[in-house]
$ cat input_39.csv   # CSV, C-alpha atoms
chain,number,residue,atom,x,y,z
A,145,MET,CA,-38.5,-9.6,-39.5
A,146,ASN,CA,-35.8,-6.9,-39.2
A,147,HIS,CA,-38.3,-4.6,-37.5
A,148,ILE,CA,-39.0,-7.4,-34.9
A,149,LYS,CA,-35.3,-7.8,-34.3
A,150,MET,CA,-34.8,-4.1,-33.9
A,151,PHE,CA,-37.7,-3.9,-31.4
A,152,CYS,CA,-36.2,-6.8,-29.4
A,153,VAL,CA,-32.8,-5.1,-29.3
A,154,ILE,CA,-34.3,-1.8,-28.2
A,155,PHE,CA,-36.5,-3.4,-25.6
A,156,ALA,CA,-33.7,-5.5,-24.2
A,157,GLY,CA,-31.5,-2.4,-24.0
A,158,THR,CA,-34.2,-0.4,-22.3
A,159,VAL,CA,-34.7,-3.1,-19.7
A,160,PHE,CA,-31.0,-3.3,-19.1
A,161,LEU,CA,-30.6,0.5,-18.6
A,162,SER,CA,-33.7,0.6,-16.4
A,163,ALA,CA,-32.3,-2.2,-14.2
A,164,CYS,CA,-28.9,-0.4,-13.9
A,165,GLY,CA,-30.6,2.9,-13.2
A,166,GLY,CA,-32.9,1.4,-10.6
A,167,LYS,CA,-29.9,-0.1,-8.8
A,168,ALA,CA,-28.0,3.2,-8.8
A,169,GLU,CA,-31.0,5.1,-7.5
A,170,ASN,CA,-31.6,2.6,-4.7
A,171,ASN,CA,-29.4,4.7,-2.5
A,172,ASN,CA,-30.3,3.2,0.8
A,173,GLU,CA,-28.4,0.0,-0.2
A,174,GLN,CA,-25.0,1.8,-0.3
A,175,GLU,CA,-22.4,-0.1,1.6
A,176,VAL,CA,-19.7,2.0,3.3
A,177,THR,CA,-16.9,1.3,5.8
A,178,ILE,CA,-16.0,4.5,7.8
A,179,THR,CA,-12.5,4.9,9.2
A,180,PHE,CA,-13.0,7.0,12.4
A,181,SER,CA,-9.9,8.1,14.4
A,182,HIS,CA,-9.2,10.1,17.6
A,183,ASN,CA,-6.5,10.5,20.2
A,184,GLN,CA,-8.2,9.6,23.4
A,185,SER,CA,-8.2,6.3,25.3
A,186,VAL,CA,-10.9,3.7,25.2
A,187,ALA,CA,-11.9,4.7,28.8
A,188,SER,CA,-12.6,8.3,27.8
A,189,THR,CA,-16.0,9.9,27.3
A,190,GLU,CA,-14.8,10.9,23.8
A,191,HIS,CA,-14.4,7.2,22.9
A,192,LEU,CA,-17.8,6.4,24.4
A,193,GLY,CA,-19.3,8.9,21.9
A,194,ALA,CA,-17.4,7.3,19.1
A,195,GLU,CA,-18.8,3.9,20.1
A,196,LYS,CA,-22.3,5.4,20.2
A,197,PHE,CA,-21.8,6.8,16.7
A,198,LYS,CA,-20.8,3.3,15.5
A,199,GLU,CA,-23.7,1.6,17.2
A,200,VAL,CA,-26.3,4.0,15.9
A,201,ILE,CA,-25.2,4.1,12.3
A,202,GLU,CA,-24.6,0.4,12.0
A,203,GLU,CA,-28.0,-0.3,13.5
A,204,LYS,CA,-29.9,2.2,11.4
A,205,SER,CA,-28.2,1.0,8.2
A,206,GLU,CA,-28.8,-2.6,9.1
A,207,GLY,CA,-25.1,-3.2,8.8
A,208,LYS,CA,-24.6,-1.7,5.4
A,209,VAL,CA,-22.6,1.2,6.9
A,210,LYS,CA,-19.8,0.0,9.2
A,211,VAL,CA,-17.5,2.0,11.4
A,212,ASP,CA,-13.9,1.0,12.2
A,213,LEU,CA,-12.8,2.9,15.3
A,214,TYR,CA,-9.1,3.8,15.9
A,215,PRO,CA,-8.7,5.4,19.3
A,216,SER,CA,-5.4,6.4,21.2
A,217,SER,CA,-3.8,8.0,18.1
A,218,GLN,CA,-3.4,4.6,16.4
A,219,LEU,CA,-3.4,6.3,13.0
A,220,GLY,CA,-0.9,9.0,13.9
A,221,ALA,CA,-0.4,12.1,16.1
A,222,LEU,CA,-3.2,14.6,16.4
A,223,ARG,CA,-2.0,16.8,13.5
A,224,GLU,CA,-1.3,13.8,11.4
A,225,GLN,CA,-4.8,12.6,11.8
A,226,VAL,CA,-6.2,15.9,10.5
A,227,GLU,CA,-3.8,15.7,7.5
A,228,SER,CA,-4.9,12.2,6.8
A,229,ALA,CA,-8.5,13.4,6.9
A,230,GLN,CA,-7.7,16.1,4.4
A,231,ILE,CA,-6.2,13.7,1.9
A,232,GLY,CA,-8.9,11.0,2.4
A,233,GLU,CA,-6.8,8.4,4.2
A,234,ILE,CA,-9.1,8.8,7.2
A,235,ASP,CA,-12.8,9.4,6.6
A,236,ILE,CA,-13.8,10.9,10.0
A,237,THR,CA,-11.6,12.1,12.9
A,238,MET,CA,-12.4,13.8,16.2
A,239,GLN,CA,-9.8,16.4,17.2
A,240,PRO,CA,-9.5,19.4,19.5
A,241,ALA,CA,-10.3,22.7,17.8
A,242,ALA,CA,-6.8,23.9,18.7
A,243,VAL,CA,-5.4,21.1,16.5
A,244,ILE,CA,-7.6,22.1,13.6
A,245,THR,CA,-6.8,25.8,13.9
A,246,PRO,CA,-3.5,25.6,11.8
A,247,PHE,CA,-5.6,24.2,8.9
A,248,GLU,CA,-8.4,26.8,9.2
A,249,GLU,CA,-7.8,29.9,11.3
A,250,ASP,CA,-11.5,30.7,11.7
A,251,VAL,CA,-11.7,27.8,14.1
A,252,LYS,CA,-9.5,29.5,16.7
A,253,ILE,CA,-12.5,31.3,18.1
A,254,ILE,CA,-13.2,28.1,20.1
A,255,ASP,CA,-10.0,28.7,22.1
A,256,LEU,CA,-10.4,32.4,22.8
A,257,PRO,CA,-10.0,32.5,26.6
A,258,TYR,CA,-13.0,33.6,28.7
A,259,LEU,CA,-15.2,34.2,25.6
A,260,TRP,CA,-17.5,31.2,26.2
A,261,PRO,CA,-20.0,30.6,29.0
A,262,THR,CA,-18.6,28.9,32.0
A,263,GLU,CA,-21.7,26.6,32.3
A,264,ALA,CA,-21.5,23.6,30.0
A,265,GLU,CA,-25.1,23.5,29.0
A,266,LYS,CA,-25.0,27.2,27.9
A,267,MET,CA,-21.8,26.6,26.0
A,268,TYR,CA,-23.4,23.7,24.2
A,269,GLN,CA,-26.4,25.8,23.2
A,270,VAL,CA,-24.0,28.3,21.6
A,271,LEU,CA,-22.0,25.7,19.8
A,272,ASP,CA,-25.2,24.0,18.5
A,273,SER,CA,-26.6,27.3,17.3
A,274,GLU,CA,-26.4,28.9,13.8
A,275,ALA,CA,-23.4,30.8,15.1
A,276,GLY,CA,-21.7,27.5,15.9
A,277,GLN,CA,-22.6,26.2,12.5
A,278,GLU,CA,-20.7,29.0,10.9
A,279,ILE,CA,-17.5,27.8,12.7
A,280,LEU,CA,-18.2,24.2,11.5
A,281,ASN,CA,-18.7,25.4,7.9
A,282,SER,CA,-15.4,27.3,7.9
A,283,VAL,CA,-13.4,24.0,7.7
A,284,GLU,CA,-14.7,23.5,4.2
A,285,ASP,CA,-11.9,25.8,3.0
A,286,ALA,CA,-9.5,23.2,4.3
A,287,GLY,CA,-11.2,20.3,2.4
A,288,LEU,CA,-13.0,19.1,5.5
A,289,LYS,CA,-16.6,18.8,6.5
A,290,GLY,CA,-17.6,19.9,10.0
A,291,LEU,CA,-20.1,17.5,11.6
A,292,GLY,CA,-20.4,18.6,15.2
A,293,PHE,CA,-18.8,19.8,18.4
A,294,TRP,CA,-18.1,17.2,21.0
A,295,PRO,CA,-17.1,17.8,24.7
A,296,GLY,CA,-13.7,17.4,26.4
A,297,GLY,CA,-14.5,19.6,29.4
A,298,TYR,CA,-13.4,22.9,30.8
A,299,LYS,CA,-9.7,23.3,30.9
A,300,ILE,CA,-7.9,23.7,34.2
A,301,MET,CA,-4.3,24.8,34.8
A,302,THR,CA,-1.8,22.9,36.8
A,303,THR,CA,1.6,24.1,38.0
A,304,SER,CA,4.5,22.8,40.0
A,305,ASN,CA,5.3,25.8,42.2
A,306,THR,CA,2.8,28.7,41.6
A,307,LEU,CA,-0.8,28.8,42.7
A,308,ILE,CA,-2.5,31.0,40.1
A,309,LYS,CA,-5.2,33.3,41.4
A,310,ASN,CA,-4.8,36.3,39.1
A,311,PRO,CA,-3.1,37.2,35.8
A,312,GLU,CA,0.1,38.4,37.6
A,313,ASP,CA,0.7,34.9,38.9
A,314,ILE,CA,1.3,33.6,35.4
A,315,GLU,CA,4.1,36.1,34.6
A,316,GLY,CA,7.3,34.3,33.9
A,317,LEU,CA,5.7,30.8,33.9
A,318,THR,CA,6.3,28.4,30.9
A,319,MET,CA,3.2,26.4,30.2
A,320,ARG,CA,2.7,23.4,28.0
A,321,ILE,CA,0.1,23.8,25.3
A,322,MET,CA,-1.1,22.1,22.2
A,323,GLU,CA,0.4,23.4,18.9
A,324,SER,CA,-1.9,26.4,18.3
A,325,PRO,CA,-1.0,30.1,17.9
A,326,VAL,CA,-4.0,31.3,19.9
A,327,LEU,CA,-2.9,29.4,22.9
A,328,VAL,CA,0.6,30.9,22.6
A,329,ASP,CA,-1.1,34.3,22.5
A,330,GLN,CA,-3.2,33.5,25.5
A,331,PHE,CA,-0.4,32.9,27.9
A,332,LYS,CA,1.8,35.6,26.3
A,333,HIS,CA,-1.1,38.1,27.0
A,334,TRP,CA,-1.0,37.1,30.6
A,335,GLY,CA,2.7,37.6,30.8
A,336,GLY,CA,3.8,33.9,30.6
A,337,ASN,CA,5.3,31.7,27.9
A,338,ALA,CA,3.9,28.7,26.2
A,339,ILE,CA,5.5,25.9,24.3
A,340,PRO,CA,3.9,23.0,22.4
A,341,VAL,CA,4.7,19.5,23.8
A,342,ALA,CA,3.4,16.3,22.2
A,343,TYR,CA,0.5,14.8,24.1
A,344,SER,CA,2.4,11.6,24.8
A,345,GLU,CA,5.3,13.5,26.3
A,346,VAL,CA,3.4,15.9,28.7
A,347,TYR,CA,3.8,13.8,31.9
A,348,ASN,CA,7.6,13.6,31.5
A,349,ALA,CA,7.9,17.3,30.6
A,350,LEU,CA,6.0,18.1,33.8
A,351,GLN,CA,8.0,15.6,35.9
A,352,LEU,CA,11.4,16.9,34.6
A,353,GLY,CA,10.5,20.5,35.0
A,354,ILE,CA,10.8,21.3,31.2
A,355,VAL,CA,7.6,23.3,31.7
A,356,ASP,CA,6.2,24.8,34.8
A,357,GLY,CA,2.6,23.7,34.1
A,358,GLN,CA,0.0,22.9,31.6
A,359,GLU,CA,-3.7,23.3,30.7
A,360,ASN,CA,-6.1,20.4,30.1
A,361,PRO,CA,-9.6,19.3,31.1
A,362,ILE,CA,-10.2,17.6,34.4
A,363,GLN,CA,-10.7,14.2,32.6
A,364,THR,CA,-7.3,14.5,30.9
A,365,VAL,CA,-5.5,15.5,34.0
A,366,TYR,CA,-7.1,12.6,35.9
A,367,MET,CA,-6.6,9.9,33.3
A,368,ASN,CA,-2.9,10.9,32.6
A,369,LYS,CA,-2.2,11.5,36.4
A,370,TYR,CA,-0.7,14.9,35.8
A,371,TYR,CA,-1.6,15.7,39.4
A,372,GLU,CA,1.1,13.3,40.5
A,373,VAL,CA,3.8,15.7,39.2
A,374,GLN,CA,2.1,19.0,39.8
A,375,ASN,CA,1.5,20.6,43.2
A,376,ASN,CA,-1.1,23.1,42.2
A,377,ILE,CA,-4.5,22.5,40.5
A,378,ILE,CA,-6.4,25.6,39.4
A,379,GLU,CA,-9.9,25.3,38.2
A,380,SER,CA,-9.8,28.5,36.1
A,381,TYR,CA,-12.7,28.1,33.6
A,382,HIS,CA,-10.6,30.0,31.0
A,383,GLY,CA,-11.6,27.8,28.1
A,384,SER,CA,-12.9,24.4,27.1
A,385,MET,CA,-11.4,21.5,25.3
A,386,THR,CA,-13.9,21.4,22.5
A,387,TYR,CA,-13.5,18.6,20.0
A,388,MET,CA,-14.7,18.9,16.4
A,389,LEU,CA,-15.9,15.9,14.5
A,390,ILE,CA,-14.7,16.4,10.9
A,391,ALA,CA,-14.8,14.4,7.7
A,392,ASN,CA,-13.0,14.4,4.4
A,393,GLN,CA,-15.3,16.7,2.4
A,394,GLU,CA,-14.9,15.0,-1.0
A,395,TRP,CA,-15.6,11.6,0.6
A,396,TYR,CA,-18.7,13.0,2.5
A,397,GLU,CA,-20.1,14.7,-0.6
A,398,ALA,CA,-19.7,11.5,-2.6
A,399,LEU,CA,-22.0,9.6,-0.2
A,400,ASN,CA,-25.7,9.3,-1.1
A,401,PRO,CA,-28.2,11.5,0.8
A,402,GLU,CA,-29.5,8.6,2.8
A,403,THR,CA,-26.0,7.8,4.1
A,404,GLN,CA,-25.3,11.5,4.9
A,405,GLU,CA,-28.5,11.7,6.9
A,406,MET,CA,-27.6,8.6,8.9
A,407,ILE,CA,-24.2,10.1,9.7
A,408,LYS,CA,-25.9,13.3,10.8
A,409,HIS,CA,-28.3,11.4,13.0
A,410,ALA,CA,-25.6,9.2,14.5
A,411,GLU,CA,-23.4,12.3,15.2
A,412,GLN,CA,-26.3,14.0,17.1
A,413,GLU,CA,-26.9,10.9,19.2
A,414,ALA,CA,-23.2,10.4,19.9
A,415,ARG,CA,-22.6,14.0,20.8
A,416,LYS,CA,-25.4,13.8,23.4
A,417,ALA,CA,-24.1,10.6,24.8
A,418,SER,CA,-20.6,12.0,25.1
A,419,ARG,CA,-21.8,15.1,26.8
A,420,ASP,CA,-24.0,13.2,29.2
A,421,ALA,CA,-21.2,10.8,30.1
A,422,LEU,CA,-18.8,13.6,30.8
A,423,ALA,CA,-21.3,15.2,33.1
A,424,GLU,CA,-21.6,12.0,35.0
A,425,VAL,CA,-17.9,11.3,35.6
A,426,GLU,CA,-16.4,14.8,35.9
A,427,ASP,CA,-17.3,15.4,39.6
A,428,ASP,CA,-15.7,12.1,40.6
A,429,TYR,CA,-12.5,12.9,38.7
A,430,ARG,CA,-12.5,16.4,40.2
A,431,GLN,CA,-12.8,14.9,43.7
A,432,GLU,CA,-10.0,12.4,43.1
A,433,ILE,CA,-7.7,15.2,41.9
A,434,LYS,CA,-8.6,17.3,44.9
A,435,ASN,CA,-7.8,14.5,47.3
A,436,SER,CA,-4.3,14.1,45.7
A,437,ALA,CA,-3.4,17.8,45.1
A,438,GLU,CA,-1.3,19.8,47.5
A,439,ASN,CA,-3.2,22.9,46.6
A,440,TYR,CA,-6.6,23.1,44.8
A,441,TYR,CA,-8.0,26.5,43.9
A,442,GLN,CA,-11.4,27.1,42.2
A,443,PHE,CA,-11.8,30.5,40.6
A,444,THR,CA,-14.5,32.7,42.0
A,445,ASP,CA,-16.8,34.9,39.9
A,446,GLU,CA,-14.5,37.8,40.8
A,447,ASP,CA,-11.4,36.0,39.6
A,448,ILE,CA,-13.1,35.1,36.3
A,449,ALA,CA,-14.3,38.7,35.9
A,450,GLU,CA,-10.7,40.0,36.5
A,451,PHE,CA,-9.2,37.6,34.0
A,452,ARG,CA,-11.9,38.3,31.4
A,453,SER,CA,-11.4,42.1,31.6
A,454,VAL,CA,-7.7,41.6,31.0
A,455,THR,CA,-8.2,39.1,28.2
A,456,GLU,CA,-11.1,40.6,26.2
A,457,PRO,CA,-8.8,42.8,24.1
A,458,LEU,CA,-7.1,39.7,22.8
A,459,TRP,CA,-10.2,38.4,21.1
A,460,GLU,CA,-10.3,41.1,18.4
A,461,GLU,CA,-6.5,41.3,18.3
A,462,VAL,CA,-6.1,37.7,17.1
A,463,TYR,CA,-9.5,37.2,15.5
A,464,ASN,CA,-9.6,40.1,13.2
A,465,THR,CA,-10.5,39.4,9.5
A,466,PRO,CA,-13.9,40.6,8.3
A,467,LYS,CA,-15.2,37.1,8.2
A,468,GLN,CA,-13.8,36.4,11.7
A,469,GLN,CA,-15.3,39.6,13.1
A,470,LYS,CA,-18.7,38.5,11.7
A,471,ILE,CA,-18.4,35.1,13.4
A,472,LEU,CA,-17.2,36.7,16.7
A,473,ASN,CA,-20.2,39.1,16.7
A,474,ASN,CA,-22.6,36.3,16.0
A,475,VAL,CA,-21.2,34.2,18.8
A,476,ARG,CA,-21.2,37.0,21.3
A,477,ALA,CA,-24.8,37.8,20.4
A,478,GLU,CA,-25.8,34.2,20.9
A,479,ILE,CA,-24.0,34.1,24.3
A,480,GLU,CA,-25.8,37.3,25.4
A,481,LYS,CA,-29.1,35.9,24.3
A,482,ILE,CA,-28.6,32.6,26.2
A,483,GLU,CA,-27.2,34.2,29.4
A,484,ASN,CA,-29.8,37.0,29.7
$ encode --input "input_39.csv" --output "structure tokens"
Amino acid sequence: MNHIKMFCVIFAGTVFLSACGGKAENNNEQEVTITFSHNQSVASTEHLGAEKFKEVIEEKSEGKVKVDLYPSSQLGALREQVESAQIGEIDITMQPAAVITPFEEDVKIIDLPYLWPTEAEKMYQVLDSEAGQEILNSVEDAGLKGLGFWPGGYKIMTTSNTLIKNPEDIEGLTMRIMESPVLVDQFKHWGGNAIPVAYSEVYNALQLGIVDGQENPIQTVYMNKYYEVQNNIIESYHGSMTYMLIANQEWYEALNPETQEMIKHAEQEARKASRDALAEVEDDYRQEIKNSAENYYQFTDEDIAEFRSVTEPLWEEVYNTPKQQKILNNVRAEIEKIEN
């Protein structure tokens, strides 16, 4: 009788453990709510990408994975959102590379002026290559997981009084930048000055003459109407506003493989949607700005070559650790392969 009781206890325990183990291994039933933040408005192509991410992952997971979107800096200023992602208060955030650079200096290669191709599709090819993946991987040192590069568009310069056509025209100007050492170095290298101004305060800083000008993509200049308080618009192709989609690394690694794969798939779909949307609207925004600007100047190939020759020494000057040299060499090799 005791043997029968013992068998029943063991059998019951085995069934219980198997049931528990089966449920734990049924990873595709994991339920997650993702907090996703960014700084752009709901009318931006960045937010369109965020909405696509939400749509794809919620559909693919049949609603088990949900995404709560927080655009327009609802969860804090740009830097604060990265800090929140670091400590796990935000799961995923989309921020300009310049904002992430203070947390991981290897990322500043994204903002090296005149390094990247001046054609969007070629630039995307480099960013999506193994060389680009090295940059994404670098943020793991800051407790973050790099998921992908999203577009903001090529930066243009706007000024109140000076039409910039060559590096000498920048001498003595004070330009607004995001808080990033490499952007300070950029304008300093050209003989100008640069000061960080909060995104929400840029229009007033331009209007009041606190700064002489600023750099931002066409979409940002259009949506924030900076052209209303700047006389000169210069399409300089000196860099791009490349966004990085990043996640809290500990949170991401705790997800099951199926959920991680859904995030990767949704990111790829959303990245493409955002890039396609930007390509569709950018020409219209450019024309609107041209119609309103007192002076609009588009750099020629010769202008770009002059700026690049002056600027190239800066690359190795500010991106100079052994690891950074390796990343820079790989990026330059990828650019050469794509452009030739």
$ residues_around --input "input_39.csv" --residues "His409 of chain A" --least-positions-apart "2" --cutoff "12 Å" --atoms "all atoms listed in the file" --output "list in words"
Lys196, Phe197, Lys198, Glu199, Val200, Ile201, Glu202, Glu203, Lys204, Ser205, Leu291, Gly292, Glu402, Thr403, Gln404, Glu405, Met406, Ile407, Glu411, Gln412, Glu413, Ala414, Arg415 and Lys416 of chain A
$ residues_around --input "input_39.csv" --residues "Asp420 of chain A" --least-positions-apart "5" --cutoff "12 Å" --atoms "all atoms listed in the file" --output "ChimeraX atom specification"
/A:189-190,192-193,264-265,268,294-297,413-415,425-426
$ atom_distance --input "input_39.csv" --atom1 "atom CA of Ile308 of chain A" --atom2 "atom CA of Glu483 of chain A"
27.1 Å
$ atom_distance --input "input_39.csv" --atom1 "atom CA of Met322 of chain A" --atom2 "atom CA of Arg476 of chain A"
25.0 Å
$ closest_residue --input "input_39.csv" --among "A:Thr386, A:Gln174, A:Asn392, A:Ser344" --to "Val226 of chain A" --atoms "only C-alpha atoms"
A:Asn392
$ atom_distance --input "input_39.csv" --atom1 "atom CA of Glu274 of chain A" --atom2 "atom CA of Val326 of chain A"
23.3 Å
